[in-house]
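Below is structure04.txt, which holds compact mmCIF, C-alpha atoms.
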```txt
# COMPACT_ATOMS: atom_id res chain seq x y z
CA MET A 1 72.27 97.08 -76.43
CA ILE A 2 69.98 99.77 -77.84
CA GLU A 3 69.04 100.87 -74.34
CA ARG A 4 72.72 101.26 -73.41
CA LYS A 5 73.37 103.43 -76.50
CA SER A 6 70.35 105.61 -75.70
CA LEU A 7 71.52 106.04 -72.12
CA LEU A 8 75.01 106.99 -73.32
CA ILE A 9 73.60 109.62 -75.72
CA ILE A 10 71.41 111.13 -72.99
CA THR A 11 74.40 111.29 -70.64
CA LEU A 12 76.55 113.08 -73.25
CA VAL A 13 73.79 115.62 -73.97
CA ILE A 14 73.42 116.40 -70.26
CA MET A 15 77.18 116.84 -69.89
CA ALA A 16 77.30 119.15 -72.92
CA MET A 17 74.48 121.29 -71.52
CA ALA A 18 76.25 121.50 -68.20
CA CYS A 19 79.46 122.67 -69.89
CA VAL A 20 77.56 125.39 -71.77
CA GLY A 21 76.00 126.54 -68.53
CA ILE A 22 79.40 126.71 -66.83
CA ALA A 23 80.85 128.73 -69.73
CA ALA A 24 77.93 131.16 -69.69
CA ALA A 25 78.28 131.62 -65.96
CA ALA A 26 81.99 132.29 -66.37
CA THR A 27 81.37 135.08 -68.89
CA ASP A 28 78.33 136.60 -67.20
CA THR A 29 79.28 140.05 -65.95
CA SER A 30 75.81 141.10 -64.85
CA ASN A 31 76.75 140.55 -61.21
CA TYR A 32 79.96 142.60 -61.38
CA LYS A 33 80.15 145.79 -59.35
CA VAL A 34 80.66 148.72 -61.68
CA ILE A 35 80.87 152.50 -61.85
CA GLN A 36 79.68 154.35 -64.95
CA ALA A 37 81.14 157.73 -65.83
CA SER A 38 81.04 160.06 -68.84
CA GLY A 39 83.35 162.77 -70.07
CA THR A 40 83.42 165.34 -72.88
CA GLY A 41 86.44 166.75 -74.65
CA ASN A 42 86.45 169.90 -76.77
CA VAL A 43 89.34 170.98 -78.99
CA ILE A 44 89.32 174.17 -81.07
CA GLY A 45 90.90 174.10 -84.51
CA THR A 46 91.27 176.34 -87.54
CA PRO A 47 89.53 175.29 -90.77
CA ASP A 48 91.88 174.25 -93.58
CA ARG A 49 89.22 173.68 -96.23
CA ALA A 50 86.56 175.95 -97.73
CA GLN A 51 83.66 175.42 -100.09
CA VAL A 52 82.07 178.35 -101.90
CA THR A 53 78.83 177.79 -103.79
CA PHE A 54 77.51 180.29 -106.31
CA SER A 55 75.43 180.41 -109.46
CA VAL A 56 74.92 182.00 -112.84
CA GLU A 57 71.28 182.84 -113.46
CA THR A 58 70.00 183.90 -116.88
CA GLU A 59 66.52 184.63 -118.17
CA ASN A 60 65.02 184.94 -121.65
CA THR A 61 61.74 184.43 -123.48
CA ASP A 62 63.53 181.79 -125.55
CA VAL A 63 64.72 178.91 -123.40
CA LYS A 64 67.55 178.06 -125.82
CA ILE A 65 68.93 181.57 -125.65
CA ALA A 66 68.74 181.49 -121.85
CA GLN A 67 70.68 178.21 -121.89
CA GLN A 68 73.31 179.44 -124.32
CA ASP A 69 73.83 182.69 -122.41
CA ASN A 70 74.13 180.77 -119.15
CA ALA A 71 76.64 178.30 -120.58
CA ALA A 72 78.82 181.08 -122.00
CA ARG A 73 78.86 183.01 -118.72
CA MET A 74 79.63 179.94 -116.61
CA ALA A 75 82.46 178.96 -118.98
CA THR A 76 83.92 182.45 -118.50
CA VAL A 77 83.71 182.06 -114.71
CA ILE A 78 85.38 178.64 -114.75
CA ASN A 79 88.20 179.80 -117.04
CA ALA A 80 88.81 182.83 -114.80
CA LEU A 81 89.02 180.65 -111.67
CA VAL A 82 91.43 178.26 -113.38
CA ALA A 83 93.52 181.24 -114.44
CA ILE A 84 94.11 182.25 -110.79
CA GLY A 85 95.28 178.75 -109.90
CA ILE A 86 92.12 176.87 -108.91
CA PRO A 87 92.40 173.25 -110.18
CA ARG A 88 89.60 172.10 -112.46
CA ASP A 89 88.96 169.09 -110.24
CA ALA A 90 88.15 171.56 -107.43
CA LEU A 91 85.20 172.87 -109.48
CA LYS A 92 81.99 170.87 -109.37
CA THR A 93 78.54 171.51 -110.83
CA THR A 94 76.10 170.98 -107.97
CA GLY A 95 72.88 172.16 -109.55
CA TYR A 96 71.27 172.94 -112.90
CA ASN A 97 67.67 174.12 -113.19
CA ILE A 98 65.38 175.40 -115.94
CA TYR A 99 61.97 176.64 -114.94
CA PRO A 100 59.33 178.94 -116.42
CA VAL A 101 58.50 182.36 -114.99
CA TYR A 102 54.79 183.07 -115.38
CA GLU A 103 53.16 186.43 -116.07
CA ASP A 104 50.64 186.22 -113.24
CA SER A 105 51.41 183.83 -110.39
CA THR A 106 47.98 184.42 -108.81
CA LYS A 107 46.24 182.45 -111.56
CA SER A 108 46.04 178.69 -111.79
CA ILE A 109 48.76 176.91 -113.77
CA ILE A 110 46.30 176.19 -116.60
CA ASP A 111 45.48 179.89 -117.03
CA GLN A 112 49.02 181.17 -116.62
CA LYS A 113 51.20 182.24 -119.52
CA VAL A 114 54.95 181.79 -119.54
CA ARG A 115 56.71 185.15 -119.51
CA THR A 116 60.33 183.94 -119.60
CA TYR A 117 62.50 180.93 -118.87
CA ARG A 118 65.06 181.09 -116.07
CA VAL A 119 68.21 178.95 -116.13
CA THR A 120 70.36 178.52 -113.03
CA ASN A 121 73.75 176.77 -113.08
CA THR A 122 75.31 176.22 -109.64
CA LEU A 123 79.04 175.72 -109.09
CA THR A 124 80.82 174.64 -105.89
CA VAL A 125 84.51 175.47 -105.49
CA THR A 126 86.56 173.50 -102.95
CA LEU A 127 89.63 175.31 -101.65
CA HIS A 128 92.60 173.82 -99.84
CA ASP A 129 93.78 177.32 -99.02
CA VAL A 130 91.06 179.17 -97.12
CA SER A 131 92.87 182.49 -97.55
CA LYS A 132 91.82 182.44 -101.23
CA THR A 133 88.10 182.45 -100.41
CA GLY A 134 87.68 186.19 -100.88
CA ASP A 135 89.70 186.16 -104.11
CA VAL A 136 87.54 183.38 -105.54
CA ILE A 137 84.36 185.32 -104.77
CA ASP A 138 85.73 188.52 -106.32
CA VAL A 139 86.92 186.78 -109.50
CA ALA A 140 83.63 184.88 -109.86
CA VAL A 141 81.56 188.05 -109.47
CA ALA A 142 83.73 189.99 -111.91
CA ASN A 143 83.24 187.29 -114.55
CA GLY A 144 79.52 186.65 -114.42
CA ILE A 145 78.36 185.08 -111.16
CA ASN A 146 75.18 186.77 -110.00
CA GLN A 147 74.14 184.56 -107.06
CA ALA A 148 76.21 183.31 -104.13
CA SER A 149 74.39 180.92 -101.82
CA SER A 150 76.85 179.66 -99.21
CA ILE A 151 80.38 179.61 -97.85
CA GLN A 152 81.39 176.62 -95.77
CA PHE A 153 84.60 176.18 -93.78
CA LEU A 154 85.64 172.63 -92.91
CA LEU A 155 88.48 170.46 -91.68
CA SER A 156 90.45 168.10 -93.87
CA ASP A 157 90.28 164.42 -92.90
CA GLU A 158 93.81 164.59 -91.54
CA GLN A 159 93.19 167.71 -89.44
CA SER A 160 89.85 166.37 -88.24
CA GLN A 161 91.46 163.12 -87.04
CA VAL A 162 94.25 164.95 -85.19
CA LEU A 163 91.75 167.15 -83.33
CA ARG A 164 89.40 164.24 -82.65
CA THR A 165 92.25 162.23 -81.10
CA GLU A 166 92.98 165.11 -78.74
CA ALA A 167 89.29 165.50 -77.88
CA LEU A 168 88.96 161.77 -77.16
CA LYS A 169 91.97 161.82 -74.83
CA GLU A 170 90.47 164.77 -72.96
CA ALA A 171 87.08 163.05 -72.72
CA VAL A 172 88.61 159.79 -71.42
CA ALA A 173 90.70 161.67 -68.85
CA ARG A 174 87.62 163.43 -67.50
CA ALA A 175 85.52 160.26 -67.40
CA ARG A 176 88.28 158.32 -65.63
CA ALA A 177 88.88 161.15 -63.15
CA ASP A 178 85.19 161.08 -62.21
CA ALA A 179 85.25 157.30 -61.86
CA ASP A 180 88.37 157.44 -59.65
CA THR A 181 86.78 160.10 -57.45
CA VAL A 182 83.61 158.06 -56.97
CA ALA A 183 85.55 154.85 -56.31
CA ALA A 184 87.71 156.54 -53.68
CA ALA A 185 84.67 158.05 -51.98
CA MET A 186 83.08 154.59 -51.86
CA GLY A 187 86.24 152.97 -50.48
CA THR A 188 86.65 150.73 -53.52
CA ASN A 189 89.27 150.23 -56.21
CA ILE A 190 88.91 150.23 -59.99
CA THR A 191 90.21 146.94 -61.39
CA GLY A 192 89.50 147.43 -65.08
CA VAL A 193 87.19 148.78 -67.75
CA GLN A 194 84.26 146.65 -68.83
CA ARG A 195 82.94 148.87 -71.62
CA ALA A 196 83.63 152.14 -73.41
CA ASP A 197 81.31 154.00 -75.81
CA ILE A 198 82.39 157.00 -77.89
CA SER A 199 80.59 159.60 -79.99
CA GLY A 200 80.99 163.15 -81.22
CA GLY A 201 82.26 165.13 -84.18
CA TYR A 202 82.10 168.69 -85.46
CA SER A 203 79.89 171.02 -87.43
CA PRO A 204 81.36 173.07 -90.30
CA VAL A 205 81.21 176.86 -90.12
CA LEU A 206 78.43 177.63 -92.58
CA TYR A 207 77.33 180.98 -93.96
CA GLU A 208 74.10 180.40 -95.87
CA ASN A 209 72.25 182.72 -98.24
CA TYR A 210 75.36 184.74 -98.91
CA GLN A 211 73.51 186.70 -101.57
CA TYR A 212 74.14 190.01 -103.22
CA ASP A 213 72.84 192.28 -105.93
CA ALA A 214 74.89 191.71 -109.07
CA GLY A 215 74.16 195.27 -110.16
CA ASN A 216 75.69 196.76 -107.03
CA ALA A 217 78.78 198.69 -108.13
CA MET A 218 80.47 197.99 -104.79
CA MET A 219 80.72 194.31 -105.67
CA LYS A 220 82.91 195.25 -108.64
CA SER A 221 85.19 197.60 -106.74
CA ALA A 222 88.92 197.07 -106.30
CA VAL A 223 88.53 196.35 -102.57
CA PRO A 224 89.00 192.61 -101.86
CA THR A 225 86.15 190.82 -100.14
CA PRO A 226 87.22 190.07 -96.53
CA ILE A 227 86.32 186.56 -95.40
CA GLN A 228 87.07 185.31 -91.88
CA PRO A 229 86.68 181.53 -91.41
CA GLY A 230 86.46 181.56 -87.60
CA ASP A 231 87.20 178.48 -85.49
CA ILE A 232 85.76 174.96 -85.42
CA THR A 233 85.22 173.02 -82.20
CA VAL A 234 85.69 169.26 -82.40
CA SER A 235 83.87 167.42 -79.61
CA ALA A 236 84.10 163.87 -78.33
CA GLN A 237 81.99 162.10 -75.73
CA VAL A 238 83.14 158.98 -73.91
CA SER A 239 81.12 156.82 -71.53
CA ILE A 240 83.05 154.16 -69.56
CA THR A 241 81.95 151.34 -67.31
CA CYS A 242 84.64 150.50 -64.76
CA LEU A 243 84.87 147.31 -62.70
CA ILE A 244 85.38 147.82 -58.97
CA ARG A 245 86.03 145.68 -55.93
```
Using structure tokens, write down the structure from this file.
Amino acid sequence: MIERKSLLIITLVIMAMACVGIAAAATDTSNYKVIQASGTGNVIGTPDRAQVTFSVETENTDVKIAQQDNAARMATVINALVAIGIPRDALKTTGYNIYPVYEDSTKSIIDQKVRTYRVTNTLTVTLHDVSKTGDVIDVAVANGINQASSIQFLLSDEQSQVLRTEALKEAVARARADADTVAAAMGTNITGVQRADISGGYSPVLYENYQYDAGNAMMKSAVPTPIQPGDITVSAQVSITCLIR
């Protein structure tokens, strides 16, 4: 009786292994004939977001005075930006530093004496209307900003997705056209797509080290600062593996 049960168990195990093997063979596509093709799509768009980053820098022999002066000037800048319609939630502090300025930088730190303390408060303004970029810079400068580090033009999530969809369609069309051409030249037909891989994106238009001399009278003139955002290219890459027969 025990021997019969053991034989039955062994038989069931063998049948189960056979079924697994059949299923694996049915889903194995390693022996399929395929054509691989890649395509790239590029779509040019206009930025609808801007980020301007600038700072108030103050210096004094007394660190507390440097801090107080800095805080007062930055508050003036923020209030002026709000007054021209920039929402407070579009203003973000992105840096705050206090560091000593030594009398003689050639000496070792132990031998150096602190001459002054420098305080830098950095503010980033996000704009949903890129045409206001120049106005924001002019107002900030007129009210106490003395360093401007970067201007960045970007796409909103909605605009980015619209352009990416167009770029993906273009990339797929090019990849499929290449695959069709190769298949026709080989005298075969495409029966389906086994795999598709996508990648790509875009890089913001970035102007770094947009610095100026706060004492330059031209920066305080009545002429608005002209800012041109330029265009952004959204790219998409698609690689497809097509089944042929």
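Proximity of A:Arg164, A:Val136, A:Thr225, A:Gly200 to Val82 in chain A, computed with only C-alpha atoms, is greatest for A:Val136.
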Mind checking which residues fall within 8 Å of range 230-239 of chain A, counting only C-alpha atoms, ignoring those fewer than 2 positions away in the same chain, and posting them as a PyMOL selection string?
chain A and resi 36-47+154+160+163-164+167-168+171-172+175+196-205+228+241
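Interatomic distance, CA of Thr53 in chain A against CA of Asp157 in chain A: 20.7 Å.
Separating CA of Gln51 in chain A from CA of Gln152 in chain A is a distance of 5.0 Å.
Using only C-alpha atoms for every distance, the candidate list A:Thr181, A:Lys169, A:Thr120, A:Thr188 yields A:Thr120 as the residue closest to Asn146 in chain A.
In this model, the gap between CA of Ala177 in chain A and CA of Thr165 in chain A comes to 18.3 Å.
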What would range 61-82 of chain A look like with N, CA and C atoms restored, written as a PDB file, keeping the file's coordinate frame?
```pdb
ATOM      1  N   THR A  61      63.016 184.975-122.990  1.00  0.00           N
ATOM      2  CA  THR A  61      61.740 184.430-123.480  1.00  0.00           C
ATOM      3  C   THR A  61      61.957 183.150-124.263  1.00  0.00           C
ATOM      4  N   ASP A  62      63.163 182.995-124.806  1.00  0.00           N
ATOM      5  CA  ASP A  62      63.530 181.790-125.550  1.00  0.00           C
ATOM      6  C   ASP A  62      64.428 180.941-124.647  1.00  0.00           C
ATOM      7  N   VAL A  63      63.976 179.746-124.327  1.00  0.00           N
ATOM      8  CA  VAL A  63      64.720 178.910-123.400  1.00  0.00           C
ATOM      9  C   VAL A  63      66.110 178.556-123.922  1.00  0.00           C
ATOM     10  N   LYS A  64      66.246 178.393-125.243  1.00  0.00           N
ATOM     11  CA  LYS A  64      67.550 178.060-125.820  1.00  0.00           C
ATOM     12  C   LYS A  64      68.546 179.200-125.652  1.00  0.00           C
ATOM     13  N   ILE A  65      68.052 180.416-125.829  1.00  0.00           N
ATOM     14  CA  ILE A  65      68.930 181.570-125.650  1.00  0.00           C
ATOM     15  C   ILE A  65      69.355 181.703-124.198  1.00  0.00           C
ATOM     16  N   ALA A  66      68.425 181.442-123.288  1.00  0.00           N
ATOM     17  CA  ALA A  66      68.740 181.490-121.850  1.00  0.00           C
ATOM     18  C   ALA A  66      69.813 180.458-121.516  1.00  0.00           C
ATOM     19  N   GLN A  67      69.686 179.262-122.112  1.00  0.00           N
ATOM     20  CA  GLN A  67      70.680 178.210-121.890  1.00  0.00           C
ATOM     21  C   GLN A  67      72.045 178.596-122.447  1.00  0.00           C
ATOM     22  N   GLN A  68      72.048 179.087-123.670  1.00  0.00           N
ATOM     23  CA  GLN A  68      73.310 179.440-124.320  1.00  0.00           C
ATOM     24  C   GLN A  68      74.023 180.575-123.570  1.00  0.00           C
ATOM     25  N   ASP A  69      73.266 181.566-123.157  1.00  0.00           N
ATOM     26  CA  ASP A  69      73.830 182.690-122.410  1.00  0.00           C
ATOM     27  C   ASP A  69      74.413 182.196-121.087  1.00  0.00           C
ATOM     28  N   ASN A  70      73.688 181.307-120.438  1.00  0.00           N
ATOM     29  CA  ASN A  70      74.130 180.770-119.150  1.00  0.00           C
ATOM     30  C   ASN A  70      75.427 179.980-119.318  1.00  0.00           C
ATOM     31  N   ALA A  71      75.458 179.126-120.340  1.00  0.00           N
ATOM     32  CA  ALA A  71      76.640 178.300-120.580  1.00  0.00           C
ATOM     33  C   ALA A  71      77.868 179.150-120.856  1.00  0.00           C
ATOM     34  N   ALA A  72      77.700 180.199-121.655  1.00  0.00           N
ATOM     35  CA  ALA A  72      78.820 181.080-122.000  1.00  0.00           C
ATOM     36  C   ALA A  72      79.347 181.794-120.765  1.00  0.00           C
ATOM     37  N   ARG A  73      78.443 182.280-119.920  1.00  0.00           N
ATOM     38  CA  ARG A  73      78.860 183.010-118.720  1.00  0.00           C
ATOM     39  C   ARG A  73      79.535 182.082-117.714  1.00  0.00           C
ATOM     40  N   MET A  74      79.009 180.868-117.548  1.00  0.00           N
ATOM     41  CA  MET A  74      79.630 179.940-116.610  1.00  0.00           C
ATOM     42  C   MET A  74      81.001 179.498-117.107  1.00  0.00           C
ATOM     43  N   ALA A  75      81.145 179.322-118.422  1.00  0.00           N
ATOM     44  CA  ALA A  75      82.460 178.960-118.980  1.00  0.00           C
ATOM     45  C   ALA A  75      83.472 180.075-118.698  1.00  0.00           C
ATOM     46  N   THR A  76      83.033 181.319-118.792  1.00  0.00           N
ATOM     47  CA  THR A  76      83.920 182.450-118.500  1.00  0.00           C
ATOM     48  C   THR A  76      84.344 182.432-117.031  1.00  0.00           C
ATOM     49  N   VAL A  77      83.406 182.137-116.150  1.00  0.00           N
ATOM     50  CA  VAL A  77      83.710 182.060-114.710  1.00  0.00           C
ATOM     51  C   VAL A  77      84.725 180.956-114.432  1.00  0.00           C
ATOM     52  N   ILE A  78      84.485 179.776-114.994  1.00  0.00           N
ATOM     53  CA  ILE A  78      85.380 178.640-114.750  1.00  0.00           C
ATOM     54  C   ILE A  78      86.786 178.936-115.274  1.00  0.00           C
ATOM     55  N   ASN A  79      86.875 179.486-116.466  1.00  0.00           N
ATOM     56  CA  ASN A  79      88.200 179.800-117.040  1.00  0.00           C
ATOM     57  C   ASN A  79      88.930 180.840-116.192  1.00  0.00           C
ATOM     58  N   ALA A  80      88.188 181.804-115.645  1.00  0.00           N
ATOM     59  CA  ALA A  80      88.810 182.830-114.800  1.00  0.00           C
ATOM     60  C   ALA A  80      89.324 182.231-113.498  1.00  0.00           C
ATOM     61  N   LEU A  81      88.581 181.293-112.918  1.00  0.00           N
ATOM     62  CA  LEU A  81      89.020 180.650-111.670  1.00  0.00           C
ATOM     63  C   LEU A  81      90.252 179.778-111.919  1.00  0.00           C
ATOM     64  N   VAL A  82      90.257 179.078-113.027  1.00  0.00           N
ATOM     65  CA  VAL A  82      91.430 178.260-113.380  1.00  0.00           C
ATOM     66  C   VAL A  82      92.644 179.150-113.590  1.00  0.00           C
TER      67      VAL A  82
END
```
